[in-house]
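*Asks:* Can you keep this structure in mind? I'll have questions shortly.
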Amino acid sequence: MGLPTCQAFVDDFKPGLAERLRQALDKHAIEATSLVVGGPGKEIWDFYQGPLTIGLVPRETRAARIAHIKKASDFAKQCGIPAVQTHCGFIPKIPTTIYTGKQ
């Protein structure tokens, strides 16, 4: 398509994948400007359940997601990708609303 840059999404860091991704980027002369990472766990991409399920805000998935982001950082370094990005979560205008339903 003639695009010189991209953001690469990877959700499973299997052995050998970093090398294969790097080879594909080089073959097509594409620069990956960042590695996009999300999860693990259920994520619902809407404005109703999204604030409860996306990013680092949900306490029940926070530790696993932080560990996953650290793996993504190591993976990005292996691929020569300079940045990692994720959706950190919804920060509500009134913080208690999202957790208790009360204002």
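Residues are named by chain letter and number: chains run A, B, ... in the order of the structure tokens, numbers start at 1 in each chain, and ligands are numbered from 1 in the order shown.
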Set the distance at 12 Å and use only C-alpha atoms: which residues neighbour A:Ser34 once local chain neighbours fewer than 2 positions away are removed? I'd like the list as JSON, numbers by chain.
*Replies:* {"A": [5, 6, 7, 8, 9, 10, 30, 31, 32, 36, 37, 72, 73, 75, 76, 77, 79, 80, 81, 82, 83, 84, 85, 86]}
*Asks:* Where does DSSP see alpha helix (DSSP H) in chain A, if you list the residues as number ranges by chain?
*Replies:* A: 17-27, 50-53, 59-79, 95-100
*Asks:* Can you pull out the residues contacting A:His28? Cut-off 12 Å, using only C-alpha atoms, and skip same-chain residues under 6 positions away; I want them as a list in words.
*Replies:*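 In the requested format, the answer is Met1, Gly2, Leu3, Pro4, Thr5, Cys6, Leu21 and Arg22 of chain A.
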*Asks:* Tell me which of A:Pro40, A:Arg20, A:Leu35, A:Asp74 sits closest to A:Pro58, counting only C-alpha atoms.
*Replies:*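 Checking each candidate against A:Pro58, we get A:Pro40 as the closest.
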*Asks:* Please measure the separation of atom CA of A:Gly55 and atom CA of A:Phe90, giving the value in Å to one decimal.
*Replies:*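 Distance reported for this atom pair: 7.5 Å.
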*Asks:* Show me, as JSON, numbers by chain, the residues that have an atom within 10 Å of stretch 41-53 of chain A when counting only C-alpha atoms, minus same-chain residues fewer than 3 positions from it.
*Replies:* {"A": [38, 56, 57, 58, 59, 60, 61, 62, 64, 65, 89, 90, 91, 92, 98, 99]}
*Asks:* Mind dumping the selected residues with N, CA, C and O atoms as a PDB file, in the first residue's frame?
*Replies:*
```
ATOM      1  N   GLY A  38      -2.496  -4.937  24.401  1.00  0.00           N
ATOM      2  CA  GLY A  38      -3.684  -4.856  25.256  1.00  0.00           C
ATOM      3  C   GLY A  38      -3.834  -6.152  26.010  1.00  0.00           C
ATOM      4  O   GLY A  38      -3.053  -7.085  25.840  1.00  0.00           O
ATOM      5  N   LEU A  56      -5.555  -0.452  32.529  1.00  0.00           N
ATOM      6  CA  LEU A  56      -4.984  -0.796  33.820  1.00  0.00           C
ATOM      7  C   LEU A  56      -5.896  -0.443  34.988  1.00  0.00           C
ATOM      8  O   LEU A  56      -5.567  -0.742  36.127  1.00  0.00           O
ATOM      9  N   VAL A  57      -7.018   0.181  34.709  1.00  0.00           N
ATOM     10  CA  VAL A  57      -7.934   0.590  35.769  1.00  0.00           C
ATOM     11  C   VAL A  57      -8.575  -0.602  36.482  1.00  0.00           C
ATOM     12  O   VAL A  57      -8.614  -0.635  37.711  1.00  0.00           O
ATOM     13  N   PRO A  58      -9.077  -1.632  35.780  1.00  0.00           N
ATOM     14  CA  PRO A  58      -9.710  -2.752  36.489  1.00  0.00           C
ATOM     15  C   PRO A  58      -8.707  -3.483  37.396  1.00  0.00           C
ATOM     16  O   PRO A  58      -7.698  -4.015  36.927  1.00  0.00           O
ATOM     17  N   ARG A  59      -8.973  -3.513  38.665  1.00  0.00           N
ATOM     18  CA  ARG A  59      -8.039  -4.108  39.634  1.00  0.00           C
ATOM     19  C   ARG A  59      -7.820  -5.598  39.406  1.00  0.00           C
ATOM     20  O   ARG A  59      -6.718  -6.105  39.619  1.00  0.00           O
ATOM     21  N   GLU A  60      -8.862  -6.314  38.975  1.00  0.00           N
ATOM     22  CA  GLU A  60      -8.744  -7.770  38.845  1.00  0.00           C
ATOM     23  C   GLU A  60      -7.812  -8.203  37.711  1.00  0.00           C
ATOM     24  O   GLU A  60      -7.323  -9.330  37.714  1.00  0.00           O
ATOM     25  N   THR A  61      -7.539  -7.337  36.741  1.00  0.00           N
ATOM     26  CA  THR A  61      -6.636  -7.694  35.639  1.00  0.00           C
ATOM     27  C   THR A  61      -5.352  -6.869  35.631  1.00  0.00           C
ATOM     28  O   THR A  61      -4.484  -7.106  34.806  1.00  0.00           O
ATOM     29  N   ARG A  62      -5.238  -5.939  36.546  1.00  0.00           N
ATOM     30  CA  ARG A  62      -4.115  -4.987  36.521  1.00  0.00           C
ATOM     31  C   ARG A  62      -2.744  -5.670  36.561  1.00  0.00           C
ATOM     32  O   ARG A  62      -1.879  -5.379  35.735  1.00  0.00           O
ATOM     33  N   ALA A  64      -1.770  -8.732  35.841  1.00  0.00           N
ATOM     34  CA  ALA A  64      -1.505  -9.517  34.630  1.00  0.00           C
ATOM     35  C   ALA A  64      -1.230  -8.603  33.438  1.00  0.00           C
ATOM     36  O   ALA A  64      -0.363  -8.901  32.603  1.00  0.00           O
ATOM     37  N   ARG A  65      -1.938  -7.496  33.361  1.00  0.00           N
ATOM     38  CA  ARG A  65      -1.733  -6.576  32.238  1.00  0.00           C
ATOM     39  C   ARG A  65      -0.401  -5.848  32.340  1.00  0.00           C
ATOM     40  O   ARG A  65       0.270  -5.632  31.325  1.00  0.00           O
ATOM     41  N   GLY A  89      -6.749   2.970  30.148  1.00  0.00           N
ATOM     42  CA  GLY A  89      -8.069   2.857  30.771  1.00  0.00           C
ATOM     43  C   GLY A  89      -8.765   4.201  30.820  1.00  0.00           C
ATOM     44  O   GLY A  89      -8.200   5.232  30.493  1.00  0.00           O
ATOM     45  N   PHE A  90      -9.995   4.149  31.235  1.00  0.00           N
ATOM     46  CA  PHE A  90     -10.805   5.351  31.330  1.00  0.00           C
ATOM     47  C   PHE A  90     -10.634   5.967  32.711  1.00  0.00           C
ATOM     48  O   PHE A  90     -10.803   5.290  33.721  1.00  0.00           O
ATOM     49  N   ILE A  91     -10.295   7.219  32.737  1.00  0.00           N
ATOM     50  CA  ILE A  91     -10.194   7.946  33.987  1.00  0.00           C
ATOM     51  C   ILE A  91     -11.481   8.782  34.081  1.00  0.00           C
ATOM     52  O   ILE A  91     -11.659   9.747  33.347  1.00  0.00           O
ATOM     53  N   PRO A  92     -12.418   8.411  34.943  1.00  0.00           N
ATOM     54  CA  PRO A  92     -13.720   9.094  34.969  1.00  0.00           C
ATOM     55  C   PRO A  92     -13.647  10.499  35.545  1.00  0.00           C
ATOM     56  O   PRO A  92     -12.781  10.806  36.363  1.00  0.00           O
ATOM     57  N   ILE A  98     -17.713   5.166  38.339  1.00  0.00           N
ATOM     58  CA  ILE A  98     -17.393   3.959  37.586  1.00  0.00           C
ATOM     59  C   ILE A  98     -17.392   2.711  38.484  1.00  0.00           C
ATOM     60  O   ILE A  98     -17.715   1.633  38.056  1.00  0.00           O
ATOM     61  N   TYR A  99     -17.032   2.862  39.738  1.00  0.00           N
ATOM     62  CA  TYR A  99     -16.876   1.709  40.616  1.00  0.00           C
ATOM     63  C   TYR A  99     -18.108   1.414  41.462  1.00  0.00           C
ATOM     64  O   TYR A  99     -18.362   0.286  41.814  1.00  0.00           O
TER      65      TYR A  99
END
```
*Asks:* Between atom CA of A:His68 and atom CA of A:Leu25, what distance in Å does the model show, to one decimal?
*Replies:*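 A separation of 22.8 Å between them.
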*Asks:* Going by DSSP on the backbone, which residues of chain A come out as strand (DSSP E)? List them as a list in words.
*Replies:* Thr5, Cys6, Gln7, Ala8, Phe9, Glu31, Ala32, Thr33, Ser34, Leu35, Val36, Val84 and Gln85 of chain A
*Asks:* For atom CA of A:Asp26 and atom CA of A:Lys70, determine how far apart the two atoms are, in Å to one decimal place.
*Replies:*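 A separation of 24.5 Å between them.
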